[in-house]
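Trainee: Right, I'll just put the structure down here and ask away after.
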Amino acid sequence: EKPGLELAVVSVPSYACQRHTPLLHHNTILTDALSILAENAELSENEGRGVAFRRAAALLKSLPQEVRGAEQLRGLPCLGEHSLRVIKEVLEDGVSHEVETTMHSEQFKAMKALTGIFGVGAKTADRWFREGIHNPSNLQRSGHTLNRAQRIGLKYYDELNLPVTKPEAVAIGQIVERAVHAVLPGAEITLIGGFRRGKQTGHDVDFLITHPDEGREEGLMPKVVSWLEAQGFLLYQKTTGNSYLESKEGPARPASNMDRFERCFSIFRLSTDNEGREIQTGDGPQTYSPTLTNTDPHTHSDTHPHSKTDSHPLPQTLVVVGDHAQKVSRVLGHSQCSGPRSWRAVRVDLVVSPYSQFAFALLGWTGSKLFERELRRWAVHEKAMTLSSHALYDRKRMQYLRASSEEEIFAHLGLEYIPPCDRNA
Ligand code: ATP
Ligand code: MN
Ligand code: MN
């Protein structure tokens, strides 16, 4: 036996994109604590602090075993002074005083509640908090003028804060597929975001759309949106066009983390079936139910003044089972404006990419957010390259590096390939 093996520190690389980070790991108690502090920093618009806590948490998520004592942390990267202090506190006392104080602070609770409204960011929430608005009901009563997104966000507050399950994501995927294929046969739809990383729930569902014949995807989004609207599937949508070509900074040098694909932030109206039956859709007209028509008056409120959904029988879709079904029906039953109903609101993000950029878009939209950040940081600092969701640019050779798969991008970056399920940093 090698002497001192039990003390040997496993060598852990310092960038999250060099490590495998599974969804389930051994240090949840510690990472939950650090995540609260990260979230608080982000809500206070202290991005740097937020990233430091997120990096420390990501390091712990990648460890092959539970950390039981501070001595096991020696030699590990990414653990700043503050994070280490919190970790030690939790290891010794079971809780961190700072985390407890943060979690129960009026400001943190209010900021979480307010930014939990779709369309409300930290800046707006902070302004409202300082006016004494601490929750959605306060806001409702305040008489503040809200934009369309925020009005919808407030209206569907409870259900938009209810996790979206995998079966619900699959059902949404079937609808998206029908919409896309109706307007562009041969287009390819890929589930991205958290669900691609193997998460069982998400705050939304994300899809990437492309077509093998480059150029055919241009202008696709408005057509898809029109189809979805005509069928009564959308409660809200905001589409932004592709601004990649017009941008002045040049490709792969986005001014922010925002990319410039054709994109749609939306809220779907997903039918729920109380018996928990799953009805397959997407195989032609026989899947349209003649009985399940859109009779809910609220679909015709401010969101779609012109939609004529009555004339279209709605396809059945759902798909909620067990505990989740009960939770959903409880929320829907208590929903302030509608009473019990047979559908729920779900946040959906759609992105369209040209085929030649698909691998970059796929990598950039699969996440996690920290994993993406770490990839870009690795590219710049270790490889003198610029990575975006559109392209990879080698600054020394002054050329773009092509890739038709994620594997090729990792190879260009000199990184071991990390599959989506291990990008949960
Ligand atoms: P959740 O399950 O909570 O939805 P998620 O990982 O899917 O988790 P999202 O916020 O849906 O989180 O983001 C998915 C991916 O899309 C992330 O990798 C993120 O970097 C990317 N992304 C999100 N918004 C943008 C944006 N505006 N511009 C570029 N990329 C974005
Ligand atoms: Mn998502
Ligand atoms: Mn998203």
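Here, A, B, ... name the chains of the structure tokens in the order displayed, residue numbers run from 1 inside each chain, and ligands are numbered from 1 in the same displayed order.
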If you count only C-alpha atoms and all ligand atoms, which residues end up within 9 Å of ligand 1, as a PyMOL selection string?
Mentor: chain A and resi 163-164+192-197+199-206+256-261+263+347-349+361+363-373+388-389+424
Trainee: Using N, CA and C atoms, can you export the residues from the last selection as a short mmCIF file (atom, residue, chain, number, x, y, z; two decimals), in the first residue's frame?
Mentor:
data_model
loop_
_atom_site.label_atom_id
_atom_site.label_comp_id
_atom_site.auth_asym_id
_atom_site.auth_seq_id
_atom_site.Cartn_x
_atom_site.Cartn_y
_atom_site.Cartn_z
N PRO A 163 -42.86 23.65 -10.59
CA PRO A 163 -41.91 23.04 -11.53
C PRO A 163 -42.62 22.41 -12.73
N VAL A 164 -41.96 22.46 -13.88
CA VAL A 164 -42.43 21.77 -15.07
C VAL A 164 -41.81 20.38 -15.02
N ILE A 192 -33.29 21.26 -25.14
CA ILE A 192 -32.03 21.75 -24.59
C ILE A 192 -32.23 22.16 -23.12
N GLY A 193 -31.36 22.98 -22.56
CA GLY A 193 -31.51 23.43 -21.18
C GLY A 193 -31.41 22.28 -20.18
N GLY A 194 -32.01 22.49 -19.03
CA GLY A 194 -31.91 21.55 -17.91
C GLY A 194 -32.39 20.14 -18.24
N PHE A 195 -33.45 20.03 -19.04
CA PHE A 195 -33.96 18.69 -19.36
C PHE A 195 -32.95 17.89 -20.16
N ARG A 196 -32.16 18.56 -21.00
CA ARG A 196 -31.13 17.82 -21.75
C ARG A 196 -30.04 17.33 -20.80
N ARG A 197 -29.85 18.04 -19.70
CA ARG A 197 -28.85 17.61 -18.72
C ARG A 197 -29.38 16.53 -17.78
N LYS A 199 -32.28 16.72 -15.94
CA LYS A 199 -33.13 17.16 -14.83
C LYS A 199 -34.54 16.59 -15.01
N GLN A 200 -35.17 16.28 -13.90
CA GLN A 200 -36.53 15.75 -13.96
C GLN A 200 -37.58 16.85 -13.93
N THR A 201 -37.17 18.04 -13.51
CA THR A 201 -38.08 19.20 -13.51
C THR A 201 -37.29 20.42 -13.98
N GLY A 202 -38.03 21.47 -14.34
CA GLY A 202 -37.36 22.69 -14.75
C GLY A 202 -38.26 23.89 -14.48
N HIS A 203 -37.69 25.10 -14.63
CA HIS A 203 -38.55 26.27 -14.48
C HIS A 203 -39.21 26.62 -15.81
N ASP A 204 -38.66 26.01 -16.88
CA ASP A 204 -39.23 26.19 -18.21
C ASP A 204 -38.82 25.00 -19.07
N VAL A 205 -39.19 25.03 -20.35
CA VAL A 205 -38.73 24.02 -21.30
C VAL A 205 -38.06 24.76 -22.44
N ASP A 206 -36.88 24.31 -22.85
CA ASP A 206 -36.09 25.01 -23.88
C ASP A 206 -35.92 24.12 -25.11
N SER A 256 -22.58 40.91 -24.52
CA SER A 256 -22.92 40.30 -23.24
C SER A 256 -23.00 38.80 -23.48
N ASN A 257 -23.56 38.10 -22.51
CA ASN A 257 -23.75 36.68 -22.71
C ASN A 257 -24.90 36.39 -23.65
N MET A 258 -25.68 37.42 -23.95
CA MET A 258 -26.83 37.24 -24.83
C MET A 258 -26.34 36.87 -26.22
N ASP A 259 -26.96 35.89 -26.83
CA ASP A 259 -26.64 35.63 -28.21
C ASP A 259 -27.68 36.32 -29.07
N ARG A 260 -27.58 36.10 -30.37
CA ARG A 260 -28.43 36.88 -31.27
C ARG A 260 -29.26 36.01 -32.19
N PHE A 261 -29.61 34.83 -31.73
CA PHE A 261 -30.47 33.98 -32.54
C PHE A 261 -31.90 34.49 -32.55
N ARG A 263 -35.40 34.13 -31.58
CA ARG A 263 -35.72 33.53 -30.29
C ARG A 263 -37.12 33.92 -29.85
N ARG A 347 -43.75 28.02 -19.00
CA ARG A 347 -42.75 28.84 -19.69
C ARG A 347 -42.00 28.00 -20.71
N VAL A 348 -41.89 28.50 -21.92
CA VAL A 348 -41.18 27.79 -22.98
C VAL A 348 -40.26 28.76 -23.73
N ASP A 349 -39.01 28.35 -23.95
CA ASP A 349 -38.07 29.14 -24.75
C ASP A 349 -37.78 28.41 -26.05
N ALA A 361 -24.72 26.43 -30.81
CA ALA A 361 -25.98 26.78 -30.15
C ALA A 361 -26.37 25.70 -29.14
N LEU A 363 -24.40 23.56 -27.58
CA LEU A 363 -23.50 23.64 -26.42
C LEU A 363 -23.86 24.85 -25.56
N GLY A 364 -24.16 25.97 -26.20
CA GLY A 364 -24.42 27.21 -25.46
C GLY A 364 -25.76 27.24 -24.74
N TRP A 365 -26.70 26.45 -25.20
CA TRP A 365 -28.03 26.47 -24.60
C TRP A 365 -28.33 25.24 -23.75
N THR A 366 -27.36 24.37 -23.58
CA THR A 366 -27.60 23.21 -22.73
C THR A 366 -27.29 23.53 -21.28
N GLY A 367 -26.41 24.49 -21.05
CA GLY A 367 -26.10 24.89 -19.69
C GLY A 367 -25.19 23.89 -18.99
N SER A 368 -25.11 23.93 -17.65
CA SER A 368 -25.75 24.94 -16.81
C SER A 368 -25.14 26.33 -17.07
N LYS A 369 -25.73 27.33 -16.49
CA LYS A 369 -25.21 28.68 -16.70
C LYS A 369 -23.76 28.78 -16.27
N LEU A 370 -23.42 28.17 -15.14
CA LEU A 370 -22.03 28.24 -14.68
C LEU A 370 -21.12 27.45 -15.61
N PHE A 371 -21.59 26.30 -16.08
CA PHE A 371 -20.77 25.51 -17.01
C PHE A 371 -20.44 26.33 -18.25
N GLU A 372 -21.44 27.05 -18.77
CA GLU A 372 -21.24 27.91 -19.95
C GLU A 372 -20.20 28.99 -19.67
N ARG A 373 -20.36 29.62 -18.53
CA ARG A 373 -19.44 30.68 -18.14
C ARG A 373 -18.01 30.16 -18.04
N SER A 388 -18.77 31.51 -28.34
CA SER A 388 -20.14 31.99 -28.13
C SER A 388 -21.09 30.89 -28.58
N SER A 389 -22.39 31.18 -28.51
CA SER A 389 -23.37 30.21 -28.99
C SER A 389 -23.43 30.18 -30.51
N ASN A 424 -23.86 19.64 -14.96
CA ASN A 424 -24.73 20.24 -13.95
C ASN A 424 -23.95 21.03 -12.91
#
Trainee: Taking only C-alpha atoms into account, which of A:Asp32, A:Asp422, A:Asp394, A:Glu66 comes nearest Ile409 in chain A?
Mentor: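 Of A:Asp32, A:Asp422, A:Asp394, A:Glu66, the one nearest Ile409 in chain A, counting only C-alpha atoms, is A:Asp394.
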Trainee: Quick check, in Å to one decimal: how far apart do CA of Thr272 in chain A and CA of Lys166 in chain A lie?
Mentor: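 Value for the CA of Thr272 in chain A-CA of Lys166 in chain A distance: 13.8 Å.
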Trainee: May I ask for the distance between CA of Ala52 in chain A and CA of Leu84 in chain A, given in Å to one decimal place?
Mentor: 11.1 Å
Trainee: From the DSSP assignment of the backbone, select every residue of range 135-267 of chain A that is alpha helix (DSSP H), and format the answer as a PyMOL selection string.
Mentor: chain A and resi 136-142+148-155+157-160+166-183+193-196+220-230
Trainee: When you count only C-alpha atoms, which of these residues is closest to Ala179 in chain A: A:Ala125, A:Leu139, A:Met221, A:Leu235?
Mentor: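 Closest to Ala179 in chain A of all the choices is A:Met221.
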Trainee: With only C-alpha atoms as the basis for distance, which of A:Lys238, A:Asn40, A:Arg377, A:Gly50 is at the shortest distance from Glu106 in chain A?
Mentor: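 Smallest separation from Glu106 in chain A among the options: A:Asn40.
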Trainee: Would you please give, as a compact mmCIF listing (two decimals) with N, CA and C atoms, in the first residue's frame, all residues of range 112-274 of chain A that DSSP assigns to strand (DSSP E or B) based on the backbone?
Mentor:
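out_6.txt was written with the following content:
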# COMPACT_ATOMS: atom_id res chain seq x y z
N VAL A 164 -41.96 22.46 -13.88
CA VAL A 164 -42.43 21.77 -15.07
C VAL A 164 -41.81 20.38 -15.02
N THR A 165 -42.63 19.34 -15.20
CA THR A 165 -42.10 17.97 -15.12
C THR A 165 -41.66 17.48 -16.49
N GLU A 188 -35.39 20.27 -37.59
CA GLU A 188 -35.04 19.40 -36.47
C GLU A 188 -35.21 20.15 -35.15
N ILE A 189 -35.83 19.47 -34.19
CA ILE A 189 -36.13 20.10 -32.89
C ILE A 189 -35.38 19.34 -31.81
N THR A 190 -34.63 20.05 -30.99
CA THR A 190 -33.86 19.40 -29.91
C THR A 190 -34.21 20.02 -28.57
N LEU A 191 -34.47 19.15 -27.60
CA LEU A 191 -34.70 19.60 -26.23
C LEU A 191 -33.36 20.03 -25.65
N ILE A 192 -33.29 21.26 -25.14
CA ILE A 192 -32.03 21.75 -24.59
C ILE A 192 -32.23 22.16 -23.12
N THR A 201 -37.17 18.04 -13.51
CA THR A 201 -38.08 19.20 -13.51
C THR A 201 -37.29 20.42 -13.98
N GLY A 202 -38.03 21.47 -14.34
CA GLY A 202 -37.36 22.69 -14.75
C GLY A 202 -38.26 23.89 -14.48
N VAL A 205 -39.19 25.03 -20.35
CA VAL A 205 -38.73 24.02 -21.30
C VAL A 205 -38.06 24.76 -22.44
N ASP A 206 -36.88 24.31 -22.85
CA ASP A 206 -36.09 25.01 -23.88
C ASP A 206 -35.92 24.12 -25.11
N PHE A 207 -36.10 24.70 -26.30
CA PHE A 207 -35.93 23.95 -27.54
C PHE A 207 -35.06 24.72 -28.53
N LEU A 208 -34.26 23.95 -29.26
CA LEU A 208 -33.44 24.51 -30.33
C LEU A 208 -33.94 23.94 -31.65
N ILE A 209 -34.14 24.82 -32.63
CA ILE A 209 -34.71 24.41 -33.91
C ILE A 209 -33.72 24.75 -35.02
N THR A 210 -33.53 23.83 -35.94
CA THR A 210 -32.64 24.10 -37.08
C THR A 210 -33.14 23.33 -38.30
N LEU A 234 -50.74 29.52 -27.18
CA LEU A 234 -49.90 30.53 -26.54
C LEU A 234 -50.69 31.50 -25.67
N LEU A 235 -50.20 31.71 -24.46
CA LEU A 235 -50.78 32.72 -23.58
C LEU A 235 -49.99 34.02 -23.70
N TYR A 236 -48.71 33.86 -24.08
CA TYR A 236 -47.82 35.02 -24.19
C TYR A 236 -46.66 34.63 -25.09
N GLN A 237 -46.15 35.57 -25.87
CA GLN A 237 -44.91 35.32 -26.60
C GLN A 237 -44.24 36.64 -26.92
N LYS A 238 -42.92 36.59 -26.87
CA LYS A 238 -42.15 37.74 -27.31
C LYS A 238 -41.04 37.20 -28.20
N THR A 239 -41.10 37.56 -29.47
CA THR A 239 -40.14 37.04 -30.44
C THR A 239 -39.12 38.11 -30.78
N THR A 240 -37.86 37.72 -30.80
CA THR A 240 -36.84 38.66 -31.27
C THR A 240 -36.13 38.04 -32.45
N GLU A 262 -32.63 34.04 -33.56
CA GLU A 262 -34.07 34.23 -33.57
C GLU A 262 -34.61 33.47 -32.36
N ARG A 263 -35.40 34.13 -31.58
CA ARG A 263 -35.72 33.53 -30.29
C ARG A 263 -37.12 33.92 -29.85
N CYS A 264 -37.74 33.06 -29.08
CA CYS A 264 -39.09 33.34 -28.59
C CYS A 264 -39.21 32.94 -27.13
N PHE A 265 -39.48 33.91 -26.29
CA PHE A 265 -39.82 33.64 -24.89
C PHE A 265 -41.33 33.54 -24.83
N SER A 266 -41.84 32.44 -24.33
CA SER A 266 -43.29 32.29 -24.39
C SER A 266 -43.87 31.64 -23.16
N ILE A 267 -45.18 31.71 -23.07
CA ILE A 267 -45.91 30.94 -22.06
C ILE A 267 -46.96 30.13 -22.80
N PHE A 268 -46.84 28.82 -22.69
CA PHE A 268 -47.77 27.90 -23.35
C PHE A 268 -48.97 27.63 -22.45
N ARG A 269 -50.04 27.27 -23.11
CA ARG A 269 -51.24 26.82 -22.43
C ARG A 269 -51.30 25.32 -22.67
N LEU A 270 -50.92 24.55 -21.66
CA LEU A 270 -50.80 23.10 -21.82
C LEU A 270 -51.99 22.39 -21.20
N SER A 271 -52.70 21.64 -22.03
CA SER A 271 -53.86 20.90 -21.53
C SER A 271 -53.43 19.86 -20.52
Trainee: From the list A:Ile418, A:Ala169, A:Leu79, A:Met398, which residue is nearest ligand 2 when using only C-alpha atoms and all ligand atoms?
Mentor: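 Under the stated criterion, the closest residue is A:Ala169.
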Trainee: Extract, using only C-alpha atoms, all DNA, RNA and protein residues at most 7 Å from range 141-152 of chain A, discarding same-chain residues fewer than 6 positions from it, and format them as JSON, numbers by chain.
Mentor: {"A": [117, 118, 119, 120]}
Trainee: For ligand 2, which of A:Gln140, A:Val346, A:Asn27, A:Glu229 is the closest residue, counting only C-alpha atoms and all ligand atoms?
Mentor: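 Closest to ligand 2, using only C-alpha atoms and all ligand atoms: A:Val346.
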Trainee: Identify, on the basis of only C-alpha atoms, every residue whose closest approach to Leu413 in chain A does not exceed 12 Å; exclude the query and any residue fewer than 6 positions from it along the same chain; express the result as a list in words.
Mentor: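 These residues fall inside the cut-off: Cys17, Gln18, Leu375, Arg376, Arg377, Trp378, Ala379, Val380, His381, Glu382, Lys383, Ala384, Met385, Thr386, Leu387, Leu392, Tyr393, Asp394, Leu401, Arg402, Ala403, Glu406 and Glu407 of chain A.
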Trainee: Mind dumping the selected residues with N, CA and C atoms as a PDB file, in the first residue's frame?
Mentor:
ATOM      1  N   CYS A  17     -15.647  23.243 -16.440  1.00  0.00           N
ATOM      2  CA  CYS A  17     -15.778  22.557 -17.738  1.00  0.00           C
ATOM      3  C   CYS A  17     -14.722  21.476 -17.923  1.00  0.00           C
ATOM      4  N   GLN A  18     -13.834  21.313 -16.939  1.00  0.00           N
ATOM      5  CA  GLN A  18     -12.844  20.224 -16.981  1.00  0.00           C
ATOM      6  C   GLN A  18     -13.311  19.044 -16.132  1.00  0.00           C
ATOM      7  N   LEU A 375     -16.760  27.493 -19.585  1.00  0.00           N
ATOM      8  CA  LEU A 375     -16.268  27.175 -20.935  1.00  0.00           C
ATOM      9  C   LEU A 375     -15.677  28.412 -21.596  1.00  0.00           C
ATOM     10  N   ARG A 376     -16.403  29.523 -21.484  1.00  0.00           N
ATOM     11  CA  ARG A 376     -15.946  30.761 -22.127  1.00  0.00           C
ATOM     12  C   ARG A 376     -14.677  31.287 -21.455  1.00  0.00           C
ATOM     13  N   ARG A 377     -14.643  31.151 -20.134  1.00  0.00           N
ATOM     14  CA  ARG A 377     -13.480  31.612 -19.383  1.00  0.00           C
ATOM     15  C   ARG A 377     -12.258  30.757 -19.746  1.00  0.00           C
ATOM     16  N   TRP A 378     -12.453  29.448 -19.837  1.00  0.00           N
ATOM     17  CA  TRP A 378     -11.389  28.538 -20.261  1.00  0.00           C
ATOM     18  C   TRP A 378     -10.872  28.927 -21.641  1.00  0.00           C
ATOM     19  N   ALA A 379     -11.821  29.150 -22.558  1.00  0.00           N
ATOM     20  CA  ALA A 379     -11.461  29.469 -23.940  1.00  0.00           C
ATOM     21  C   ALA A 379     -10.575  30.711 -23.983  1.00  0.00           C
ATOM     22  N   VAL A 380     -11.011  31.762 -23.316  1.00  0.00           N
ATOM     23  CA  VAL A 380     -10.266  33.024 -23.352  1.00  0.00           C
ATOM     24  C   VAL A 380      -8.918  32.897 -22.655  1.00  0.00           C
ATOM     25  N   HIS A 381      -8.931  32.430 -21.412  1.00  0.00           N
ATOM     26  CA  HIS A 381      -7.719  32.503 -20.596  1.00  0.00           C
ATOM     27  C   HIS A 381      -6.721  31.388 -20.862  1.00  0.00           C
ATOM     28  N   GLU A 382      -7.189  30.226 -21.247  1.00  0.00           N
ATOM     29  CA  GLU A 382      -6.272  29.110 -21.447  1.00  0.00           C
ATOM     30  C   GLU A 382      -5.947  28.863 -22.913  1.00  0.00           C
ATOM     31  N   LYS A 383      -6.848  29.293 -23.820  1.00  0.00           N
ATOM     32  CA  LYS A 383      -6.667  28.949 -25.227  1.00  0.00           C
ATOM     33  C   LYS A 383      -6.619  30.159 -26.157  1.00  0.00           C
ATOM     34  N   ALA A 384      -6.765  31.354 -25.610  1.00  0.00           N
ATOM     35  CA  ALA A 384      -6.833  32.559 -26.445  1.00  0.00           C
ATOM     36  C   ALA A 384      -7.878  32.403 -27.557  1.00  0.00           C
ATOM     37  N   MET A 385      -9.032  31.855 -27.169  1.00  0.00           N
ATOM     38  CA  MET A 385     -10.128  31.689 -28.127  1.00  0.00           C
ATOM     39  C   MET A 385     -11.372  32.362 -27.566  1.00  0.00           C
ATOM     40  N   THR A 386     -12.291  32.717 -28.470  1.00  0.00           N
ATOM     41  CA  THR A 386     -13.546  33.292 -28.024  1.00  0.00           C
ATOM     42  C   THR A 386     -14.681  32.358 -28.403  1.00  0.00           C
ATOM     43  N   LEU A 387     -15.414  31.903 -27.403  1.00  0.00           N
ATOM     44  CA  LEU A 387     -16.522  30.978 -27.639  1.00  0.00           C
ATOM     45  C   LEU A 387     -17.844  31.701 -27.418  1.00  0.00           C
ATOM     46  N   LEU A 392     -16.654  29.674 -32.637  1.00  0.00           N
ATOM     47  CA  LEU A 392     -15.420  29.626 -31.852  1.00  0.00           C
ATOM     48  C   LEU A 392     -14.326  30.284 -32.688  1.00  0.00           C
ATOM     49  N   TYR A 393     -13.687  31.298 -32.108  1.00  0.00           N
ATOM     50  CA  TYR A 393     -12.671  32.055 -32.840  1.00  0.00           C
ATOM     51  C   TYR A 393     -11.316  31.878 -32.182  1.00  0.00           C
ATOM     52  N   ASP A 394     -10.335  31.490 -32.990  1.00  0.00           N
ATOM     53  CA  ASP A 394      -8.974  31.313 -32.499  1.00  0.00           C
ATOM     54  C   ASP A 394      -8.220  32.620 -32.726  1.00  0.00           C
ATOM     55  N   LEU A 401     -13.067  28.375 -35.990  1.00  0.00           N
ATOM     56  CA  LEU A 401     -12.919  26.924 -36.001  1.00  0.00           C
ATOM     57  C   LEU A 401     -14.298  26.304 -36.175  1.00  0.00           C
ATOM     58  N   ARG A 402     -14.473  25.557 -37.224  1.00  0.00           N
ATOM     59  CA  ARG A 402     -15.775  24.959 -37.504  1.00  0.00           C
ATOM     60  C   ARG A 402     -16.007  23.738 -36.636  1.00  0.00           C
ATOM     61  N   ALA A 403     -17.258  23.435 -36.395  1.00  0.00           N
ATOM     62  CA  ALA A 403     -17.590  22.217 -35.658  1.00  0.00           C
ATOM     63  C   ALA A 403     -19.005  21.800 -35.999  1.00  0.00           C
ATOM     64  N   GLU A 406     -20.784  18.811 -30.633  1.00  0.00           N
ATOM     65  CA  GLU A 406     -20.220  19.314 -29.371  1.00  0.00           C
ATOM     66  C   GLU A 406     -18.844  18.710 -29.127  1.00  0.00           C
ATOM     67  N   GLU A 407     -18.698  17.419 -29.483  1.00  0.00           N
ATOM     68  CA  GLU A 407     -17.415  16.733 -29.288  1.00  0.00           C
ATOM     69  C   GLU A 407     -16.279  17.514 -29.966  1.00  0.00           C
TER      70      GLU A 407
END
